[in-house]
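Notes to accompany the following structure.
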Amino acid sequence: LLPPGKTQGTYHLNGVVDAHKTVILRWANDQGEMPTEGVVVSRQKVGDTSWKELNPKKPVGFFNTSGLASRMKKLPPEKREGLYSMVYSNLVRDPATGRRVALSASPAKGAPAKASDIKPEKITEQFRSLRASGKLAVPDLQMLNAHADLDPDAADAYGLVFRDEPSRGAWRYKIRVQLPEGGAVEAVCLKSFDPSVPTLIPPPQAVSAASANGAVLLNWKAAPADTIAGYDVYRAADPKGPYRRLNVSPVKMVVLTAEDPATTLARATARGA
């Protein structure tokens with residue numbers, strides 16, 4: 001468990017440039033700490049000495065980012081509820097509807113008593129309470145970070161990502177993370193980004209497949225975690241295609257149930273972070 005009080009671990013900042021000339025920044029704490037009090041992003045043109053804060057009035061935070069509620073409403077209900085339930089123990093899927101949240105008859109203190117209570121600001125309050133009382137485990141928080149690596153919507157909800165569209169040229173970035181106990185820490189990205197040069201996404205290496213008991217296990221050698229968010233997996237009955245994508249969010253490894261393992265073929269392509 002993370003001890004109550006002082007924030008643990010160190011924040012690190014990285015990023016990529018996508019095909020749309022957008023710089024996508026992603027930060028994380030090596031002990032899994034979440035930025036409940038907000039993150040301010042600054043940008044500096046290479047060669048200059050001054051930094052410009054990009055979001056001083058709208059920091060990015062754990063379930064506390066400008067416009068998050070409206071973006072969450074656009075997600076499929078089951079995905080939205082899955083993200084919302086991360087910090088609650090009494091939220092379960094209602095098997096009768098497959099979509100509604102069923103709440104415990106005797107919710108724990110601070111837990112929602114009805115579905116309308118499940119709002120981003122309530123989640124932030126609950127997380128702050130659990131963190132302040134030392135009830136959060138490092139492995140669980142690191143799992144949230146891993147989830148954010150694979151799902152852009154999760155990274156958005158957890159306050160771990162920022163998108164910027166700078167003008168031409170090379171740019172550097174840093175973040176200032178406000179701490180629950182007061183004060184702040186900074187993390188500077190060690191590399192610069194030119195929006196006209198998309199980050200090279202290396203293809204997966206050593207792709208292998210094994211079938212057994214009606215399932216196919218795919219595996220491959222992944223690129224560095226700071227380069228890609230995961231992979232898209234496709235399947236076809238013929239090497240010439242057509243190929244159909246099987247995943248919605250990028251994945252690192254997937255087990256697929258095959259209609260016919262002997263004839264099912266698959267390929268994996270990298271997707272940028």
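How things are named: the first chain in the structure tokens is A, the next is B, and so on; residues count from 1 in each chain; ligands count from 1 in the order shown.
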What are the DSSP strand (DSSP E or B) residues of region 149-222 of chain A, as an MDAnalysis selection string? chainID A and resid 161:164 171:178 184:188 193 205:212 215:221
If you keep C-alpha atoms, can you produce a file of those selected residues as a PDB file, in the first residue's frame?
ATOM      1  CA  VAL A 161      -2.360  12.577 -21.611  1.00  0.00           C
ATOM      2  CA  PHE A 162      -2.259  15.933 -23.400  1.00  0.00           C
ATOM      3  CA  ARG A 163      -2.487  16.763 -27.108  1.00  0.00           C
ATOM      4  CA  ASP A 164      -0.859  19.790 -28.693  1.00  0.00           C
ATOM      5  CA  TRP A 171       9.593  21.822 -29.515  1.00  0.00           C
ATOM      6  CA  ARG A 172      10.337  20.639 -25.998  1.00  0.00           C
ATOM      7  CA  TYR A 173       7.790  19.944 -23.256  1.00  0.00           C
ATOM      8  CA  LYS A 174       7.610  19.744 -19.492  1.00  0.00           C
ATOM      9  CA  ILE A 175       4.857  19.225 -16.938  1.00  0.00           C
ATOM     10  CA  ARG A 176       4.194  20.593 -13.471  1.00  0.00           C
ATOM     11  CA  VAL A 177       2.259  18.155 -11.293  1.00  0.00           C
ATOM     12  CA  GLN A 178       0.384  19.664  -8.355  1.00  0.00           C
ATOM     13  CA  ALA A 184       4.482  20.642  -7.134  1.00  0.00           C
ATOM     14  CA  VAL A 185       7.063  18.597  -9.016  1.00  0.00           C
ATOM     15  CA  GLU A 186       8.244  18.968 -12.597  1.00  0.00           C
ATOM     16  CA  ALA A 187       9.162  16.437 -15.266  1.00  0.00           C
ATOM     17  CA  VAL A 188      10.877  17.386 -18.520  1.00  0.00           C
ATOM     18  CA  PHE A 193       9.188  16.980 -31.256  1.00  0.00           C
ATOM     19  CA  GLN A 205       8.919  -8.549 -34.741  1.00  0.00           C
ATOM     20  CA  ALA A 206       9.013 -12.325 -34.263  1.00  0.00           C
ATOM     21  CA  VAL A 207       5.268 -12.770 -34.715  1.00  0.00           C
ATOM     22  CA  SER A 208       4.201 -16.299 -33.779  1.00  0.00           C
ATOM     23  CA  ALA A 209       0.939 -18.187 -33.410  1.00  0.00           C
ATOM     24  CA  ALA A 210      -0.012 -21.390 -31.645  1.00  0.00           C
ATOM     25  CA  SER A 211      -3.396 -23.118 -31.654  1.00  0.00           C
ATOM     26  CA  ALA A 212      -4.907 -25.449 -29.086  1.00  0.00           C
ATOM     27  CA  ALA A 215      -8.083 -20.958 -29.588  1.00  0.00           C
ATOM     28  CA  VAL A 216      -5.140 -19.203 -31.214  1.00  0.00           C
ATOM     29  CA  LEU A 217      -2.468 -17.477 -29.133  1.00  0.00           C
ATOM     30  CA  LEU A 218      -0.600 -14.709 -30.915  1.00  0.00           C
ATOM     31  CA  ASN A 219       2.636 -13.299 -29.594  1.00  0.00           C
ATOM     32  CA  TRP A 220       5.298 -10.929 -30.850  1.00  0.00           C
ATOM     33  CA  LYS A 221       8.260  -8.876 -29.749  1.00  0.00           C
TER      34      LYS A 221
END
With only C-alpha atoms as the basis for distance, which of A:Lys45, A:His12, A:Arg168, A:Lys74 is at the shortest distance from Trp27 (chain A)?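 Nearest candidate to Trp27 (chain A) out of A:Lys45, A:His12, A:Arg168, A:Lys74: A:His12.
If you look at CA of Leu160 (chain A) and CA of Leu25 (chain A), they are 8.2 Å away from each other.
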